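This report refers to the structure that appears directly beneath it.
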Amino acid sequence: MNDHDHDHDHPHAPITNGSEPPAAARVRALEELLVERGVVSRDDVRRRIDWLVSRSPADGARLVARAWVDPEFKQRLLADARASALELGLDPGPSPVVVAVENTQAVHHLVVCTLCSCYPRALLGPPPDWYKSLPYRSRAVSDPRGVLTEFGVELDADVELRVLDSTADMRYLVIPRRPAGSEGMSEEDLAALVTRDAMIGVAQPGS
Amino acid sequence: MKFRAGQRVRVAVRPHEGHHRTPGYLKGKPGNIELVHGSFTNPETRAYGADGLPLQPVYLVGFQQREVWPDYRGDPGDRIYVDVFEHWLEEAE
């Protein structure tokens, strides 16, 4: 029997690729402390990560596609997105309030979190890396039309652009415009057109 | 609730040591109350392990981009909407 016979319930040299950024090391140190003090268990952390990465934009896309084909559902979605998600059997996640906003011919919405990376994770999955980047977070508020151009979205000058900065408990989900020529499509095929980026407001759905 | 939809408000200009959810770029800027979201725990105390009570009303406040960024180049109708806790808002004329 060697002296390393144990169940790995202690901190030891981390398994990393050797170029770990300082922030990751800091998070790992915090996790060790929280586990050591009994605030969270490693299983809690693993379950939360598993839940987060199991979410996907396909859920948000189902909400959008239903809203496109069912005007009454759209009204309910705009009034209470959390209840509408439950209505479709989707998991709207823990506490934060989900607010759906609708893009029209006259109004375009763009979502950002300037303070961190607030995002409707339960319905869209983990946010893309660029959503968490400083350039997006600063320019989405100060030069949103420039940002949209870089994403390939050209808005007519008379379209009112509304930027939503999610600074509190609300999480915003954009209902993009239904593509022209999609009139005969099934709800399932429509859902396949709804991309993550379209529900953030940096893309128009494909057709 | 101290404010109602349609009311003109201004974001308070005050230093705050520690965690808070009022973006610096909005401090001192005038806007309009769009709607009342409801009341939520206060992140300024929750961030430090407290319960965040009493609940604080949170409003969706709309700002004209040109009032936030004087050299904003987009359409004059462009606006930015931000969720602001009540204790960061003051009545404006």
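The way I read the labels, and the way they are meant: chains A, B, ... in the order of the structure tokens, residue 1 as the first residue of every chain, and ligand 1 as the first ligand shown, with later ones counted on from there.
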Next on the checklist: Please list as number ranges by chain every residue within 7 Å of region 77-85 of chain B, counting only C-alpha atoms and excluding residues in the same chain fewer than 6 positions away.
Outcome noted: A: 160-168; B: 22, 56-65
Item to check | Counting only C-alpha atoms, chain A residues within 12 Å of chain B, as a VMD selection string | outcome: chain A and resid 39 79 to 80 95 to 99 101 106 to 116 118 137 to 149 155 to 172
Next on the checklist: Please identify the alpha helix (DSSP H) residues within region 1-203 of chain A (assignment by DSSP from backbone atoms) and present them as a PyMOL selection string.
Outcome noted: chain A and resi 22-36+42-54+57-69+71-79+81-87+121-124+134-142+144-150+187-193+196-200
Checklist entry - Within 12 Å of Ser84 (chain A), counting only C-alpha atoms, which residues qualify if same-chain residues fewer than 2 places away don't, as number ranges by chain? => result A: 59-60, 62-64, 66-67, 72-82, 86-92, 98-100, 123
Would you mind exporting C-alpha atoms of the selected residues as a PDB file, in the first residue's frame?
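Listed below is the output, part-v7.pdb:
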ATOM      1  CA  ASP A  59     -35.348  25.889 -26.392  1.00  0.00           C
ATOM      2  CA  GLY A  60     -35.503  29.629 -27.089  1.00  0.00           C
ATOM      3  CA  ARG A  62     -39.116  26.749 -29.922  1.00  0.00           C
ATOM      4  CA  LEU A  63     -40.604  29.750 -28.098  1.00  0.00           C
ATOM      5  CA  VAL A  64     -39.920  32.022 -31.068  1.00  0.00           C
ATOM      6  CA  ARG A  66     -44.498  29.116 -31.614  1.00  0.00           C
ATOM      7  CA  ALA A  67     -44.843  32.900 -31.333  1.00  0.00           C
ATOM      8  CA  GLU A  72     -52.072  34.608 -28.967  1.00  0.00           C
ATOM      9  CA  PHE A  73     -49.073  32.663 -27.729  1.00  0.00           C
ATOM     10  CA  LYS A  74     -46.883  35.597 -28.778  1.00  0.00           C
ATOM     11  CA  GLN A  75     -48.956  37.946 -26.638  1.00  0.00           C
ATOM     12  CA  ARG A  76     -48.575  35.596 -23.664  1.00  0.00           C
ATOM     13  CA  LEU A  77     -44.828  35.303 -24.347  1.00  0.00           C
ATOM     14  CA  LEU A  78     -44.445  39.090 -24.391  1.00  0.00           C
ATOM     15  CA  ALA A  79     -46.456  39.371 -21.172  1.00  0.00           C
ATOM     16  CA  ASP A  80     -44.718  36.579 -19.229  1.00  0.00           C
ATOM     17  CA  ALA A  81     -41.928  34.625 -20.917  1.00  0.00           C
ATOM     18  CA  ARG A  82     -41.380  32.408 -17.909  1.00  0.00           C
ATOM     19  CA  LEU A  86     -43.437  26.381 -18.838  1.00  0.00           C
ATOM     20  CA  GLU A  87     -46.447  26.142 -21.154  1.00  0.00           C
ATOM     21  CA  LEU A  88     -44.167  24.507 -23.795  1.00  0.00           C
ATOM     22  CA  GLY A  89     -42.622  22.236 -21.190  1.00  0.00           C
ATOM     23  CA  LEU A  90     -39.335  24.168 -21.174  1.00  0.00           C
ATOM     24  CA  ASP A  91     -37.257  24.900 -18.080  1.00  0.00           C
ATOM     25  CA  PRO A  92     -37.066  28.703 -17.644  1.00  0.00           C
ATOM     26  CA  VAL A  98     -37.277  36.410 -18.438  1.00  0.00           C
ATOM     27  CA  VAL A  99     -38.585  39.209 -20.634  1.00  0.00           C
ATOM     28  CA  ALA A 100     -39.258  38.654 -24.342  1.00  0.00           C
ATOM     29  CA  LEU A 123     -33.408  29.134 -22.601  1.00  0.00           C
TER      30      LEU A 123
END
Next on the checklist: Please extract the residues of region 132-168 of chain A with a backbone DSSP assignment of strand (DSSP E) and present them as a list in words.
Outcome noted: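 Taking region 132-168 of chain A and keeping strand (DSSP E) gives Glu160, Leu161, Arg162, Val163, Leu164 and Asp165 of chain A.
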Checklist entry - From the set B:Glu67, B:Gly18, B:Gly31, B:Glu86, which residue has the shortest atom-to-atom contact distance to Glu44 (chain B), counting only C-alpha atoms? => result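 The closest residue to Glu44 (chain B) is B:Gly18.
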